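Notes to accompany the following structure.
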Amino acid sequence: MPNLRVIITTFLFLLPLSNLAVAMEYEEGTHYVELQIPLNTRNPDKIEVAEYFSYGCPHCYQFEPMISAWHAGLPADVEFSRTPAIWNKSYQAYAQTYFTLIALKSLDKGHTAVFNAIHSEGRRLDSPQAMAGYLAEFGIAPEDFAKAYNSFGVRASVQQADSKGKAYRSGGVPAIIVNGKYRIEGGMAGSNANMIRVADYLIEKERQQIAASQ
């Protein structure tokens, strides 16, 4: 399980985040970066927020309860998604697992479990065989996992995630990409909680720009 300090911090910070973000001014180049080439988003009627992450990243593990609680309360005009990082063979296996869980409609029960297994239980799950064996404990048949893992749809999603990750030009994970325009990293924001505050600020910035253009 994620450590108690992370859970407590999540709930202490989460309630005031939106109001604080609106009240503060964050600067481009200091707290976030504007992407040189904006990315197309899936739904132009929504403000898209993407978390750039990997199951293999301990910082992403620490961030997970906070960002999950935050995106569960996002307003209707904001759409949340995730992009797994693919920097090496292990991260590719984790990315392929993420999209396999989506294909099997098992992300809700598998997402946090995979994080916990790697970082809390110390399991080596950086191969499809090891991952299939672990997820069998959650009722996912190894043959179903293997079929989805090697499917065209999952492989195509991994390729798309790789392309997105390169376009993000992020120096690390976790990172947050707001509406295909802005990248927020912990090193610039200062902390995980500040990453979310900056994201709230940029969401409101995008909301005001959309309203002004209508």
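All residue names refer to the structure tokens as shown: chains lettered A, B, ... in order, residues numbered from 1 in each chain, ligands numbered from 1 in order.
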Which neighbours of Pro58 (chain A) fall inside 7 Å, counting only C-alpha atoms, when residues of the same chain fewer than 3 positions from it are skipped, and could you give them as a tab-separated table (two decimals) with N, CA and C atoms, in the first residue's frame?
chain	number	residue	atom	x	y	z
A	61	TYR	N	4.97	6.38	-8.20
A	61	TYR	CA	4.29	5.60	-7.16
A	61	TYR	C	3.86	6.51	-6.02
A	62	GLN	N	4.75	7.41	-5.60
A	62	GLN	CA	4.42	8.34	-4.53
A	62	GLN	C	3.33	9.33	-4.97
A	119	HIS	N	6.77	-1.49	-6.00
A	119	HIS	CA	7.44	-0.57	-5.08
A	119	HIS	C	7.24	-0.89	-3.60
Region 46-48 of chain A environment, 10 Å, only C-alpha atoms, sequence neighbours closer than 2 positions dropped, as number ranges by chain: A: 40-44, 50, 75-81, 177-181, 202-204, 206-207, 210
Those same residues, written as a short mmCIF file (atom, residue, chain, number, x, y, z; two decimals), in the first residue's frame with N, CA and C atoms?
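Output file result.cif follows:
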data_model
loop_
_atom_site.label_atom_id
_atom_site.label_comp_id
_atom_site.auth_asym_id
_atom_site.auth_seq_id
_atom_site.Cartn_x
_atom_site.Cartn_y
_atom_site.Cartn_z
N ASN A 40 -2.01 17.88 -30.68
CA ASN A 40 -3.44 17.75 -30.84
C ASN A 40 -4.01 16.94 -29.67
N THR A 41 -5.15 17.34 -29.16
CA THR A 41 -5.81 16.60 -28.10
C THR A 41 -6.96 15.79 -28.68
N ARG A 42 -7.39 14.80 -27.92
CA ARG A 42 -8.41 13.89 -28.44
C ARG A 42 -9.77 14.54 -28.60
N ASN A 43 -10.11 15.46 -27.71
CA ASN A 43 -11.43 16.08 -27.73
C ASN A 43 -11.26 17.59 -27.63
N PRO A 44 -11.48 18.33 -28.72
CA PRO A 44 -11.29 19.78 -28.69
C PRO A 44 -12.29 20.50 -27.79
N ALA A 50 -2.92 15.24 -19.18
CA ALA A 50 -2.30 13.92 -19.30
C ALA A 50 -1.19 13.77 -18.26
N PRO A 75 -13.61 18.95 -12.92
CA PRO A 75 -14.91 19.34 -13.48
C PRO A 75 -15.15 18.72 -14.85
N ALA A 76 -16.38 18.85 -15.32
CA ALA A 76 -16.81 18.15 -16.53
C ALA A 76 -16.08 18.62 -17.78
N ASP A 77 -15.53 19.83 -17.77
CA ASP A 77 -14.87 20.33 -18.98
C ASP A 77 -13.40 19.89 -19.07
N VAL A 78 -12.94 19.06 -18.14
CA VAL A 78 -11.56 18.58 -18.13
C VAL A 78 -11.56 17.07 -18.33
N GLU A 79 -10.72 16.61 -19.24
CA GLU A 79 -10.59 15.18 -19.52
C GLU A 79 -9.20 14.71 -19.12
N PHE A 80 -9.13 13.68 -18.27
CA PHE A 80 -7.85 13.18 -17.77
C PHE A 80 -7.45 11.92 -18.53
N SER A 81 -6.15 11.82 -18.81
CA SER A 81 -5.62 10.62 -19.46
C SER A 81 -4.22 10.37 -18.93
N ILE A 177 0.92 17.14 -18.54
CA ILE A 177 0.78 17.92 -19.78
C ILE A 177 -0.63 18.47 -19.83
N VAL A 178 -0.75 19.78 -19.92
CA VAL A 178 -2.07 20.43 -19.92
C VAL A 178 -2.44 20.87 -21.32
N ASN A 179 -3.50 20.28 -21.83
CA ASN A 179 -4.11 20.62 -23.12
C ASN A 179 -3.12 20.59 -24.28
N GLY A 180 -2.15 19.72 -24.20
CA GLY A 180 -1.16 19.59 -25.28
C GLY A 180 -0.25 20.79 -25.43
N LYS A 181 -0.28 21.72 -24.46
CA LYS A 181 0.46 22.97 -24.60
C LYS A 181 1.54 23.17 -23.53
N LEU A 202 -3.15 26.29 -14.89
CA LEU A 202 -3.14 26.23 -16.35
C LEU A 202 -4.49 25.79 -16.92
N ILE A 203 -5.20 24.96 -16.19
CA ILE A 203 -6.56 24.59 -16.62
C ILE A 203 -7.44 25.83 -16.64
N GLU A 204 -7.34 26.64 -15.61
CA GLU A 204 -8.14 27.87 -15.57
C GLU A 204 -7.69 28.84 -16.66
N GLU A 206 -6.49 28.01 -19.59
CA GLU A 206 -7.07 27.51 -20.83
C GLU A 206 -8.56 27.77 -20.88
N ARG A 207 -9.23 27.61 -19.76
CA ARG A 207 -10.69 27.85 -19.69
C ARG A 207 -11.01 29.31 -20.05
N ILE A 210 -10.46 29.88 -23.83
CA ILE A 210 -11.56 29.30 -24.62
C ILE A 210 -12.77 30.20 -24.56
#
Please, what distance in Å, to one decimal, runs between CA of Asn116 (chain A) and CA of Glu137 (chain A)? 13.6 Å
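Relative to CA of Asp144 (chain A), CA of Glu64 (chain A) is found at 26.5 Å.
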Which residues come within 8 Å of Val173 (chain A), counting only C-alpha atoms, excluding same-chain residues fewer than 6 positions away, as a JSON list (two decimals) with N, CA and C atoms, in the first residue's frame?
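File produced: around04.json:
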[["chain", "number", "residue", "atom", "x", "y", "z"],
["A", 52, "TYR", "N", 2.15, 11.89, -17.43],
["A", 52, "TYR", "CA", 3.25, 11.14, -18.03],
["A", 52, "TYR", "C", 3.91, 10.36, -16.90],
["A", 53, "PHE", "N", 3.90, 9.04, -16.99],
["A", 53, "PHE", "CA", 4.28, 8.23, -15.83],
["A", 53, "PHE", "C", 4.88, 6.89, -16.26],
["A", 54, "SER", "N", 5.36, 6.14, -15.28],
["A", 54, "SER", "CA", 5.72, 4.74, -15.51],
["A", 54, "SER", "C", 5.51, 3.97, -14.22],
["A", 57, "CYS", "N", 8.62, 3.84, -11.99],
["A", 57, "CYS", "CA", 9.15, 5.06, -11.38],
["A", 57, "CYS", "C", 8.69, 5.20, -9.93],
["A", 59, "HIS", "N", 8.90, 7.78, -8.00],
["A", 59, "HIS", "CA", 8.26, 9.08, -7.79],
["A", 59, "HIS", "C", 6.81, 9.04, -8.29],
["A", 60, "CYS", "N", 6.57, 8.30, -9.35],
["A", 60, "CYS", "CA", 5.20, 8.13, -9.85],
["A", 60, "CYS", "C", 4.36, 7.35, -8.85],
["A", 85, "ALA", "N", 5.56, 6.36, -20.04],
["A", 85, "ALA", "CA", 6.88, 6.64, -20.61],
["A", 85, "ALA", "C", 7.51, 5.35, -21.13],
["A", 185, "GLU", "N", 6.76, 19.70, -14.47],
["A", 185, "GLU", "CA", 7.60, 18.68, -13.84],
["A", 185, "GLU", "C", 7.85, 19.06, -12.39]]
CA of Phe99 (chain A) to CA of Val158 (chain A): how many Å, to one decimal? 7.4 Å
For each of A:Leu74, A:Ala146, A:Val198, A:Ile118, take the minimum atom-to-atom distance to Glu25 (chain A), counting only C-alpha atoms, then give the residue where this is smallest.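 Closest to Glu25 (chain A) of all the choices is A:Val198.
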Quick one: everything within 12 Å of Gly171 (chain A), counting only C-alpha atoms, minus sequence neighbours fewer than 4 positions away in the same chain. Send it as JSON, numbers by chain. {"A": [33, 52, 53, 85, 87, 165, 166, 167, 175, 176, 183, 184, 185, 186, 187, 188]}
